[in-house]
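Enquirer: File final_21.txt follows (compact mmCIF, C-alpha atoms):
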```txt
# COMPACT_ATOMS: atom_id res chain seq x y z
CA MET R 883 -18.71 117.63 -9.01
CA SER R 884 -16.84 120.83 -9.66
CA ALA R 885 -18.61 123.75 -11.31
CA ASP R 886 -17.30 126.98 -12.79
CA LEU R 887 -17.71 129.46 -9.95
CA SER R 888 -15.85 132.37 -11.51
CA PRO R 889 -17.61 135.73 -11.12
CA SER R 890 -18.34 135.90 -14.85
CA SER R 891 -20.17 132.56 -15.02
CA PHE R 892 -21.41 131.21 -11.67
CA ARG R 893 -24.73 132.67 -10.55
CA PRO R 894 -26.42 130.20 -8.22
CA ALA R 895 -30.19 130.19 -8.25
CA ARG R 896 -30.45 129.02 -4.64
CA ILE R 897 -27.71 128.65 -2.02
CA GLY R 898 -27.93 126.27 0.93
CA ILE R 899 -26.29 127.43 4.16
CA VAL R 900 -26.02 124.85 6.93
CA SER R 901 -24.96 125.23 10.56
CA ALA R 902 -25.06 122.61 13.29
CA MET R 903 -25.86 124.90 16.21
CA HIS R 904 -28.61 127.38 17.00
CA ALA R 905 -26.33 130.36 17.70
CA GLU R 906 -24.69 130.03 14.29
CA LEU R 907 -27.97 129.77 12.43
CA SER R 908 -29.52 132.70 14.30
CA ALA R 909 -26.76 134.99 13.10
CA VAL R 910 -27.46 133.94 9.51
CA ILE R 911 -31.23 134.38 9.78
CA GLU R 912 -30.71 137.96 10.97
CA ARG R 913 -29.24 138.71 7.53
CA LEU R 914 -32.40 137.52 5.70
CA PRO R 915 -34.87 140.42 5.97
CA ASP R 916 -37.58 138.56 4.02
CA GLU R 917 -37.18 135.11 5.59
CA ARG R 918 -39.97 132.57 5.21
CA ARG R 919 -40.15 129.58 7.53
CA SER R 920 -41.07 126.00 6.58
CA VAL R 921 -40.58 122.62 8.24
CA THR R 922 -39.36 119.43 6.54
CA GLY R 923 -38.16 116.29 8.26
CA GLY R 924 -38.44 117.92 11.66
CA ARG R 925 -36.11 120.74 10.65
CA THR R 926 -36.95 124.40 10.16
CA PHE R 927 -35.74 125.86 6.86
CA TRP R 928 -35.50 129.61 6.40
CA GLN R 929 -35.77 130.97 2.85
CA GLY R 930 -34.86 134.55 2.03
CA HIS R 931 -32.43 136.82 0.22
CA TRP R 932 -28.95 138.02 1.15
CA HIS R 933 -27.21 140.55 -1.09
CA GLY R 934 -29.63 139.62 -3.85
CA HIS R 935 -29.05 135.86 -3.60
CA GLU R 936 -31.79 133.39 -2.78
CA VAL R 937 -30.70 131.53 0.35
CA VAL R 938 -32.07 128.55 2.28
CA ALA R 939 -30.61 128.38 5.80
CA VAL R 940 -31.06 125.47 8.19
CA ARG R 941 -29.70 124.02 11.43
CA SER R 942 -28.64 120.46 10.76
CA ARG R 943 -28.31 119.44 14.42
CA ILE R 944 -25.20 117.58 15.50
CA GLY R 945 -23.71 114.40 14.01
CA LYS R 946 -23.23 112.81 10.61
CA VAL R 947 -26.68 111.26 10.17
CA ALA R 948 -28.47 114.48 11.12
CA ALA R 949 -26.25 116.45 8.75
CA ALA R 950 -26.81 114.02 5.85
CA THR R 951 -30.58 114.13 6.37
CA THR R 952 -30.51 117.92 6.29
CA ALA R 953 -28.31 118.11 3.20
CA THR R 954 -30.55 115.69 1.31
CA ALA R 955 -33.63 117.75 2.13
CA LEU R 956 -31.91 120.94 0.98
CA ILE R 957 -31.24 119.36 -2.40
CA ALA R 958 -34.35 117.25 -2.95
CA GLN R 959 -36.99 119.48 -1.35
CA TYR R 960 -35.55 122.99 -1.63
CA GLY R 961 -33.59 122.75 -4.86
CA VAL R 962 -30.34 124.39 -3.78
CA ASP R 963 -27.58 124.32 -6.37
CA CYS R 964 -24.61 124.80 -4.05
CA MET R 965 -24.09 124.29 -0.33
CA VAL R 966 -21.85 125.78 2.37
CA PHE R 967 -21.43 124.35 5.88
CA THR R 968 -20.20 126.70 8.60
CA GLY R 969 -19.47 126.00 12.24
CA VAL R 970 -16.78 125.25 14.78
CA ALA R 971 -14.13 122.55 15.03
CA GLY R 972 -11.33 121.38 17.28
CA GLY R 973 -7.83 122.08 16.05
CA LEU R 974 -5.54 119.11 15.41
CA ALA R 975 -2.53 120.34 13.45
CA ARG R 976 0.11 121.96 15.62
CA ASP R 977 -0.23 125.37 13.98
CA VAL R 978 -4.05 125.49 13.98
CA ARG R 979 -4.97 127.75 16.90
CA VAL R 980 -8.17 128.87 18.58
CA GLY R 981 -9.69 131.63 16.45
CA ASP R 982 -8.18 130.39 13.19
CA MET R 983 -10.40 129.34 10.30
CA VAL R 984 -10.13 126.17 8.23
CA VAL R 985 -11.54 125.86 4.72
CA ALA R 986 -11.70 122.25 3.56
CA HIS R 987 -9.95 120.87 0.50
CA SER R 988 -11.42 117.47 1.36
CA LEU R 989 -13.25 115.73 4.21
CA LEU R 990 -12.90 112.26 5.74
CA GLN R 991 -14.86 110.23 8.31
CA HIS R 992 -12.27 109.34 10.92
CA ASP R 993 -14.60 106.77 12.52
CA MET R 994 -15.34 104.88 9.27
CA ASN R 995 -13.74 101.42 9.36
CA ALA R 996 -15.16 98.50 7.37
CA SER R 997 -11.87 96.57 7.36
CA PRO R 998 -10.88 93.97 6.39
CA LEU R 999 -13.47 94.24 3.62
CA PHE R 1000 -12.32 97.76 2.81
CA ALA R 1001 -9.34 99.88 3.73
CA PRO R 1002 -9.61 101.90 6.96
CA TYR R 1003 -11.55 105.16 6.41
CA GLU R 1004 -12.72 104.07 2.94
CA VAL R 1005 -16.47 104.51 2.48
CA PRO R 1006 -17.74 101.11 1.28
CA LEU R 1007 -18.56 100.91 -2.44
CA TYR R 1008 -17.25 104.42 -3.14
CA GLY R 1009 -13.59 103.52 -3.61
CA ARG R 1010 -12.52 106.57 -1.63
CA SER R 1011 -12.10 107.86 1.89
CA ARG R 1012 -11.75 111.55 1.10
CA PHE R 1013 -14.51 113.59 -0.49
CA PRO R 1014 -13.30 116.73 -2.22
CA VAL R 1015 -15.00 120.09 -2.10
CA ASP R 1016 -15.53 122.45 -4.99
CA ALA R 1017 -12.18 124.18 -5.44
CA LEU R 1018 -13.40 127.51 -6.76
CA LEU R 1019 -16.23 127.88 -4.28
CA SER R 1020 -13.75 127.13 -1.50
CA ARG R 1021 -11.27 129.63 -2.91
CA ALA R 1022 -13.92 132.34 -2.74
CA LEU R 1023 -14.55 131.49 0.92
CA VAL R 1024 -10.80 131.59 1.64
CA GLU R 1025 -10.59 135.08 0.20
CA ALA R 1026 -13.59 136.19 2.25
CA ALA R 1027 -12.11 134.64 5.40
CA HIS R 1028 -8.81 136.46 4.87
CA SER R 1029 -10.66 139.76 4.58
CA VAL R 1030 -12.57 139.14 7.83
CA LEU R 1031 -9.56 137.97 9.87
CA ALA R 1032 -7.56 140.99 8.72
CA HIS R 1033 -9.87 143.20 10.82
CA PRO R 1034 -11.13 141.12 13.76
CA HIS R 1035 -12.15 144.15 15.82
CA ASP R 1036 -14.67 145.15 13.16
CA THR R 1037 -16.47 141.81 13.49
CA LEU R 1038 -16.00 140.90 17.15
CA GLY R 1039 -15.23 144.07 19.03
CA SER R 1040 -12.09 144.77 21.03
CA GLU R 1041 -13.29 142.99 24.18
CA ALA R 1042 -13.78 139.61 22.47
CA VAL R 1043 -10.51 139.93 20.55
CA ALA R 1044 -8.65 140.50 23.81
CA GLU R 1045 -10.54 137.82 25.77
CA PHE R 1046 -9.75 135.04 23.27
CA ASP R 1047 -6.37 136.45 22.11
CA LEU R 1048 -7.36 136.71 18.44
CA GLN R 1049 -4.78 139.22 17.22
CA ALA R 1050 -3.05 136.99 14.67
CA SER R 1051 -5.64 134.45 13.49
CA ARG R 1052 -4.97 132.63 10.22
CA VAL R 1053 -6.83 130.83 7.44
CA HIS R 1054 -5.80 127.21 6.78
CA GLU R 1055 -6.74 125.00 3.83
CA GLY R 1056 -6.72 121.22 3.83
CA LEU R 1057 -8.26 118.07 5.28
CA ILE R 1058 -11.13 118.23 7.78
CA LEU R 1059 -11.98 115.11 9.80
CA SER R 1060 -15.55 114.23 10.83
CA GLY R 1061 -16.82 111.65 13.30
CA ASP R 1062 -19.70 110.90 15.63
CA ARG R 1063 -17.89 111.81 18.81
CA PHE R 1064 -16.78 115.05 20.41
CA VAL R 1065 -12.99 114.77 20.56
CA ALA R 1066 -12.19 116.26 23.93
CA THR R 1067 -9.06 114.59 25.32
CA SER R 1068 -5.42 115.05 24.52
CA ALA R 1069 -5.07 111.29 23.99
CA GLU R 1070 -7.83 111.22 21.36
CA SER R 1071 -6.43 114.17 19.44
CA ALA R 1072 -2.91 112.70 19.55
CA ALA R 1073 -4.23 109.41 18.15
CA LEU R 1074 -5.94 111.25 15.29
CA ARG R 1075 -2.78 113.21 14.50
CA GLU R 1076 -0.78 109.98 14.35
CA ALA R 1077 -3.32 108.15 12.16
CA LEU R 1078 -4.15 111.09 9.88
CA PRO R 1079 -1.22 113.52 10.10
CA ASP R 1080 -2.57 115.91 7.46
CA GLY R 1081 -5.86 116.44 9.31
CA LEU R 1082 -6.20 120.09 10.27
CA CYS R 1083 -9.24 119.91 12.54
CA VAL R 1084 -12.02 117.62 13.71
CA GLU R 1085 -15.81 118.09 13.82
CA MET R 1086 -18.99 115.99 13.57
CA GLU R 1087 -20.84 116.74 10.30
CA GLY R 1088 -18.86 117.91 7.28
CA ALA R 1089 -17.76 114.64 5.68
CA ALA R 1090 -21.34 113.35 5.66
CA VAL R 1091 -22.55 116.47 3.85
CA ALA R 1092 -19.65 116.20 1.41
CA GLN R 1093 -20.71 112.63 0.60
CA VAL R 1094 -24.33 113.68 -0.04
CA CYS R 1095 -23.21 116.54 -2.29
CA HIS R 1096 -20.90 114.13 -4.12
CA ASP R 1097 -23.86 111.81 -4.74
CA TYR R 1098 -25.94 114.65 -6.18
CA GLY R 1099 -23.10 116.36 -8.06
CA LEU R 1100 -23.56 119.55 -6.07
CA PRO R 1101 -20.79 122.11 -5.39
CA PHE R 1102 -19.95 122.07 -1.67
CA ALA R 1103 -17.62 123.95 0.66
CA ALA R 1104 -16.97 123.80 4.40
CA LEU R 1105 -15.70 126.57 6.66
CA ARG R 1106 -14.83 125.95 10.31
CA THR R 1107 -13.71 128.32 13.06
CA ILE R 1108 -11.40 126.70 15.61
CA SER R 1109 -13.05 126.82 19.03
CA ASP R 1110 -10.60 124.61 20.96
CA ARG R 1111 -7.64 122.28 20.54
CA ALA R 1112 -9.69 119.04 20.83
CA ASP R 1113 -7.88 118.28 24.08
CA ASP R 1114 -8.61 118.09 27.80
CA ASP R 1115 -9.67 121.76 27.80
CA ALA R 1116 -12.02 121.47 24.82
CA HIS R 1117 -15.13 122.07 26.91
CA ALA R 1118 -13.86 125.31 28.44
CA ASP R 1119 -15.84 128.39 27.36
CA PHE R 1120 -17.15 126.50 24.31
CA THR R 1121 -20.63 128.08 24.32
CA ARG R 1122 -19.24 131.53 25.01
CA PHE R 1123 -16.79 131.19 22.11
CA VAL R 1124 -19.57 130.13 19.71
CA ASP R 1125 -21.73 133.08 20.74
CA ARG R 1126 -19.05 135.76 20.81
CA VAL R 1127 -16.65 134.63 18.09
CA ALA R 1128 -17.53 131.70 15.83
CA SER R 1129 -21.07 132.70 14.91
CA ARG R 1130 -19.96 136.27 14.17
CA TYR R 1131 -16.99 135.14 12.11
CA SER R 1132 -19.15 132.74 10.08
CA VAL R 1133 -21.77 135.32 9.21
CA ALA R 1134 -19.10 137.91 8.37
CA VAL R 1135 -17.36 135.52 5.94
CA LEU R 1136 -20.66 134.56 4.31
CA ASP R 1137 -21.58 138.23 4.04
CA ALA R 1138 -18.28 139.08 2.33
CA TRP R 1139 -18.61 136.11 -0.04
CA LEU R 1140 -22.21 136.84 -1.02
CA ARG R 1141 -21.51 140.55 -1.42
CA ALA R 1142 -18.80 139.75 -3.98
CA LEU R 1143 -20.79 137.07 -5.82
CA PRO R 1144 -22.79 138.19 -8.88
CA ALA R 1145 -26.52 137.78 -8.26
CA ARG R 1146 -29.38 137.03 -10.62
CA GLY R 1147 -31.71 139.83 -11.64
CA PRO R 1148 -35.52 139.63 -11.46
CA GLN R 1149 -35.76 137.55 -14.63
CA GLY R 1150 -32.67 135.44 -13.91
CA ALA R 1151 -30.26 137.80 -15.65
CA ALA R 1152 -26.99 138.33 -13.83
CA ARG R 1153 -26.24 141.57 -12.09
CA LEU R 1154 -23.49 142.69 -9.74
CA VAL R 1155 -24.41 143.58 -6.18
CA SER R 1156 -22.60 146.60 -4.82
```
In C-alpha cells, what does this structure look like?

Expert:
Amino acid sequence: MSADLSPSSFRPARIGIVSAMHAELSAVIERLPDERRSVTGGRTFWQGHWHGHEVVAVRSRIGKVAAATTATALIAQYGVDCMVFTGVAGGLARDVRVGDMVVAHSLLQHDMNASPLFAPYEVPLYGRSRFPVDALLSRALVEAAHSVLAHPHDTLGSEAVAEFDLQASRVHEGLILSGDRFVATSAESAALREALPDGLCVEMEGAAVAQVCHDYGLPFAALRTISDRADDDAHADFTRFVDRVASRYSVAVLDAWLRALPARGPQGAARLVS
C-alpha cells in the first residue's frame, strides 16, 4: 500500500480530503477558489485546486459505514490517488491533551468482535486488526502539524488560545481507535485504555477508511485534533471547539502540507509551488 511520497518523486494527480463534519469541510472549501460541486451517493463532492494540486473534498458524515461509502466513491468515481482524513477525536492516552494532534501510524475498529471465529478486533478474512497508513505521507503531515502548533496564535488568534489553554500543544503518532459510538464517559475510556493500552485517541470513521484504502492499494493518512478526553465532560463546548480550533488547525496543516508538496504542471510535469 505504501508509495514513494518523497518530494522528488510523489506528485499526486488528485488528492482526496475527507472530513466528517460540516465546519471542518467548510474551512477546506474556502481554500479552493475554483471549486466545482457534484453529488454522488447523496454526498456533495467539491473539486478544485489548492497550491496547484487537484483536490476533491467531501464530508463523509459520521460513522464507519458512512465513511467507507464516501472513501469508495472518492476512489471509484473521482479517481483520487491518495486520501487524507481530518477531524476531531477524544484523547485516551494519559499524555494526549485537548488541543494536541494525533497522526495515525495504524487504525483499529475497537467495536469489531467476531470471536470465537476470529480474534477480538480482527477484521474477518483479513488476518489483521490494525490497518497501517502510508508512512511517508503521514510523516509529511507530522511535519506540517509541528509547524502549525509551533505558532498557535497565527492560526487561532490569542483569544482562542487562551480560552482552550493551547500554549503547549503536541503532535503524537500512533494507534487511532474507531468505533460506531461516541465515547463520552470516563468508564468507557478507561475500558478502552485497559483493552488497547497503546490507543492514543478514539473517533468514529478512520479505521473504516483505512480498510477501504487498503483494499484499493491507496496511500492514506489520518490527522485528528483532540477535542476532549472521551470522558464525562466530552460534550462540553464540543461544537465551539470544532469551530474555533479543530477546523482551523486542520486547514492550516493541510495548507502547510500542500504548499510544500511538488505539484504537477499544466501537462503533468512536476513543478514546485512557492

Enquirer: For stretch 1054-1127 of chain R versus stretch 965-983 of chain R, which residues have an atom no more than 6 Å away, and what is each residue's nearest atom pair and distance in Å rounded to one decimal, using only C-alpha atoms, chain-then-number order, as CSV?

Expert:
```
residue,atom,partner,partner_atom,distance
R:Leu1082,CA,R:Ala975,CA,4.9
R:Cys1083,CA,R:Gly973,CA,4.4
R:Val1084,CA,R:Gly972,CA,5.2
R:Glu1085,CA,R:Ala971,CA,4.9
R:Phe1102,CA,R:Met965,CA,4.9
R:Ala1103,CA,R:Val966,CA,4.9
R:Ala1104,CA,R:Phe967,CA,4.7
R:Leu1105,CA,R:Thr968,CA,4.9
R:Arg1106,CA,R:Val970,CA,4.9
R:Thr1107,CA,R:Met983,CA,4.4
R:Ile1108,CA,R:Val980,CA,4.9
R:Ser1109,CA,R:Val980,CA,5.3
R:Asp1110,CA,R:Gly972,CA,5.0
R:Arg1111,CA,R:Gly973,CA,4.5
R:Ala1112,CA,R:Gly972,CA,4.6
```

Enquirer: Quick check, in Å to one decimal: how far apart do atom CA of R:Leu1078 and atom CA of R:Ser997 lie?

Expert: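 Between atom CA of R:Leu1078 and atom CA of R:Ser997 the gap is 16.6 Å.
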
Enquirer: Mind listing as a PDB file with C-alpha atoms, in the frame of the given file all residues within 12 Å of (-26.4, 111.5, -8.3), counting all atoms listed in the file?

Expert:
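Now in point.pdb:
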```pdb
ATOM      1  CA  MET R 883     -18.710 117.630  -9.010  1.00  0.00           C
ATOM      2  CA  THR R 954     -30.550 115.690   1.310  1.00  0.00           C
ATOM      3  CA  ILE R 957     -31.240 119.360  -2.400  1.00  0.00           C
ATOM      4  CA  ALA R 958     -34.350 117.250  -2.950  1.00  0.00           C
ATOM      5  CA  GLN R1093     -20.710 112.630   0.600  1.00  0.00           C
ATOM      6  CA  VAL R1094     -24.330 113.680  -0.040  1.00  0.00           C
ATOM      7  CA  CYS R1095     -23.210 116.540  -2.290  1.00  0.00           C
ATOM      8  CA  HIS R1096     -20.900 114.130  -4.120  1.00  0.00           C
ATOM      9  CA  ASP R1097     -23.860 111.810  -4.740  1.00  0.00           C
ATOM     10  CA  TYR R1098     -25.940 114.650  -6.180  1.00  0.00           C
ATOM     11  CA  GLY R1099     -23.100 116.360  -8.060  1.00  0.00           C
ATOM     12  CA  LEU R1100     -23.560 119.550  -6.070  1.00  0.00           C
TER      13      LEU R1100
END
```

Enquirer: What is the atom CA of R:His931-atom CA of R:Val1135 distance in Å, reported with one decimal?

Expert: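 Value for the atom CA of R:His931-atom CA of R:Val1135 distance: 16.2 Å.
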
Enquirer: To one decimal place in Å, what is the distance between atom CA of R:Ala1072 and atom CA of R:Ser988?

Expert: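 According to the coordinates, atom CA of R:Ala1072 and atom CA of R:Ser988 are separated by 20.6 Å.
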
Enquirer: Which one is closest to R:Ile1058: R:Ala1090, R:Leu1023, R:Ala950, R:Val910? Count all atoms listed in the file.

Expert: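 Of all the options, R:Ala1090 lies closest to R:Ile1058.
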
Enquirer: Contacts of R:Pro1034 at 10 Å or less, counting only C-alpha atoms, minus same-chain residues fewer than 4 places along, as a list in words?

Expert: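 In the requested format, the answer is Gly981, Ser1029, Val1030, Leu1038, Gly1039, Ser1040, Ala1042, Val1043, Leu1048, Gln1049, Ala1050, Ser1051, Val1127 and Tyr1131 of chain R.
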
Enquirer: Near R:Val938, counting all atoms listed in the file, which residues have an atom at most 7 Å away, once you skip same-chain residues fewer than 4 positions from it, shown as a count of residues only?

Expert: 7

Enquirer: Smallest atom-to-atom distance to R:Leu989: which of R:Met1086, R:Val1133, R:Val1124, R:Cys964, using all atoms listed in the file?

Expert: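 Among the listed residues, R:Met1086 lies closest to R:Leu989.
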
Enquirer: To test the calculation: enclose all listed atoms of stretch 1072-1090 of chain R in a box whose edges run along x, y and z, add 4 Å on each side, then state centre and edge lengths in Å to one decimal, as JSON.

Expert:
```
{"center_x": -11.1, "center_y": 114.1, "center_z": 12.6, "size_x": 28.6, "size_y": 19.9, "size_z": 21.9}
```

Enquirer: With distances taken over all atoms listed in the file, which residue among R:Tyr1008, R:Phe1064, R:Trp932, R:Phe1123 lies nearest R:His992?

Expert: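 That would be R:Phe1064, the residue with the smallest distance to R:His992.
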
Enquirer: Output stretch 1023-1034 of chain R with all heavy atoms present, as a tab-separated table (two decimals), in the frame of the given file.

Expert:
```tsv
chain	number	residue	atom	x	y	z
R	1023	LEU	N	-14.39	131.41	-0.53
R	1023	LEU	CA	-14.55	131.49	0.92
R	1023	LEU	C	-13.22	131.82	1.60
R	1023	LEU	O	-13.19	132.54	2.60
R	1023	LEU	CB	-15.11	130.18	1.47
R	1023	LEU	CG	-16.58	129.90	1.17
R	1023	LEU	CD1	-16.97	128.54	1.73
R	1023	LEU	CD2	-17.49	130.98	1.74
R	1024	VAL	N	-12.13	131.27	1.09
R	1024	VAL	CA	-10.80	131.59	1.64
R	1024	VAL	C	-10.54	133.08	1.53
R	1024	VAL	O	-10.09	133.73	2.50
R	1024	VAL	CB	-9.71	130.79	0.91
R	1024	VAL	CG1	-8.32	131.34	1.25
R	1024	VAL	CG2	-9.77	129.32	1.29
R	1025	GLU	N	-10.82	133.65	0.38
R	1025	GLU	CA	-10.59	135.08	0.20
R	1025	GLU	C	-11.45	135.90	1.15
R	1025	GLU	O	-10.99	136.89	1.74
R	1025	GLU	CB	-10.86	135.46	-1.25
R	1025	GLU	CG	-9.86	134.85	-2.22
R	1025	GLU	CD	-10.22	135.10	-3.68
R	1025	GLU	OE1	-11.26	135.76	-3.92
R	1025	GLU	OE2	-9.46	134.66	-4.56
R	1026	ALA	N	-12.72	135.49	1.31
R	1026	ALA	CA	-13.59	136.19	2.25
R	1026	ALA	C	-13.09	136.06	3.67
R	1026	ALA	O	-13.13	137.01	4.46
R	1026	ALA	CB	-15.02	135.67	2.11
R	1027	ALA	N	-12.61	134.86	4.04
R	1027	ALA	CA	-12.11	134.64	5.40
R	1027	ALA	C	-10.88	135.50	5.67
R	1027	ALA	O	-10.73	136.07	6.77
R	1027	ALA	CB	-11.78	133.16	5.59
R	1028	HIS	N	-9.99	135.60	4.71
R	1028	HIS	CA	-8.81	136.46	4.87
R	1028	HIS	C	-9.24	137.91	5.14
R	1028	HIS	O	-8.66	138.58	6.01
R	1028	HIS	CB	-7.93	136.40	3.64
R	1028	HIS	CG	-6.98	135.23	3.61
R	1028	HIS	ND1	-6.00	135.03	4.56
R	1028	HIS	CD2	-6.86	134.19	2.73
R	1028	HIS	CE1	-5.33	133.92	4.28
R	1028	HIS	NE2	-5.83	133.40	3.18
R	1029	SER	N	-10.23	138.37	4.41
R	1029	SER	CA	-10.66	139.76	4.58
R	1029	SER	C	-11.26	139.99	5.96
R	1029	SER	O	-11.08	141.07	6.56
R	1029	SER	CB	-11.66	140.14	3.48
R	1029	SER	OG	-12.91	139.49	3.65
R	1030	VAL	N	-11.96	139.01	6.50
R	1030	VAL	CA	-12.57	139.14	7.83
R	1030	VAL	C	-11.50	139.08	8.92
R	1030	VAL	O	-11.49	139.90	9.85
R	1030	VAL	CB	-13.63	138.05	8.04
R	1030	VAL	CG1	-14.09	138.00	9.50
R	1030	VAL	CG2	-14.83	138.29	7.13
R	1031	LEU	N	-10.58	138.11	8.84
R	1031	LEU	CA	-9.56	137.97	9.87
R	1031	LEU	C	-8.56	139.12	9.88
R	1031	LEU	O	-7.89	139.35	10.89
R	1031	LEU	CB	-8.82	136.64	9.70
R	1031	LEU	CG	-9.61	135.37	10.01
R	1031	LEU	CD1	-8.71	134.15	9.94
R	1031	LEU	CD2	-10.28	135.46	11.37
R	1032	ALA	N	-8.47	139.85	8.77
R	1032	ALA	CA	-7.56	140.99	8.72
R	1032	ALA	C	-8.02	142.12	9.64
R	1032	ALA	O	-7.21	142.97	10.04
R	1032	ALA	CB	-7.44	141.49	7.29
R	1033	HIS	N	-9.32	142.13	9.98
R	1033	HIS	CA	-9.87	143.20	10.82
R	1033	HIS	C	-10.80	142.60	11.87
R	1033	HIS	O	-12.01	142.85	11.84
R	1033	HIS	CB	-10.61	144.22	9.95
R	1033	HIS	CG	-9.79	144.78	8.82
R	1033	HIS	ND1	-8.81	145.73	9.02
R	1033	HIS	CD2	-9.79	144.48	7.49
R	1033	HIS	CE1	-8.25	146.02	7.86
R	1033	HIS	NE2	-8.82	145.28	6.93
R	1034	PRO	N	-10.27	141.82	12.81
R	1034	PRO	CA	-11.13	141.12	13.76
R	1034	PRO	C	-11.95	142.06	14.64
R	1034	PRO	O	-13.06	141.73	15.04
R	1034	PRO	CB	-10.14	140.29	14.58
R	1034	PRO	CG	-8.84	140.99	14.44
R	1034	PRO	CD	-8.84	141.55	13.06
```
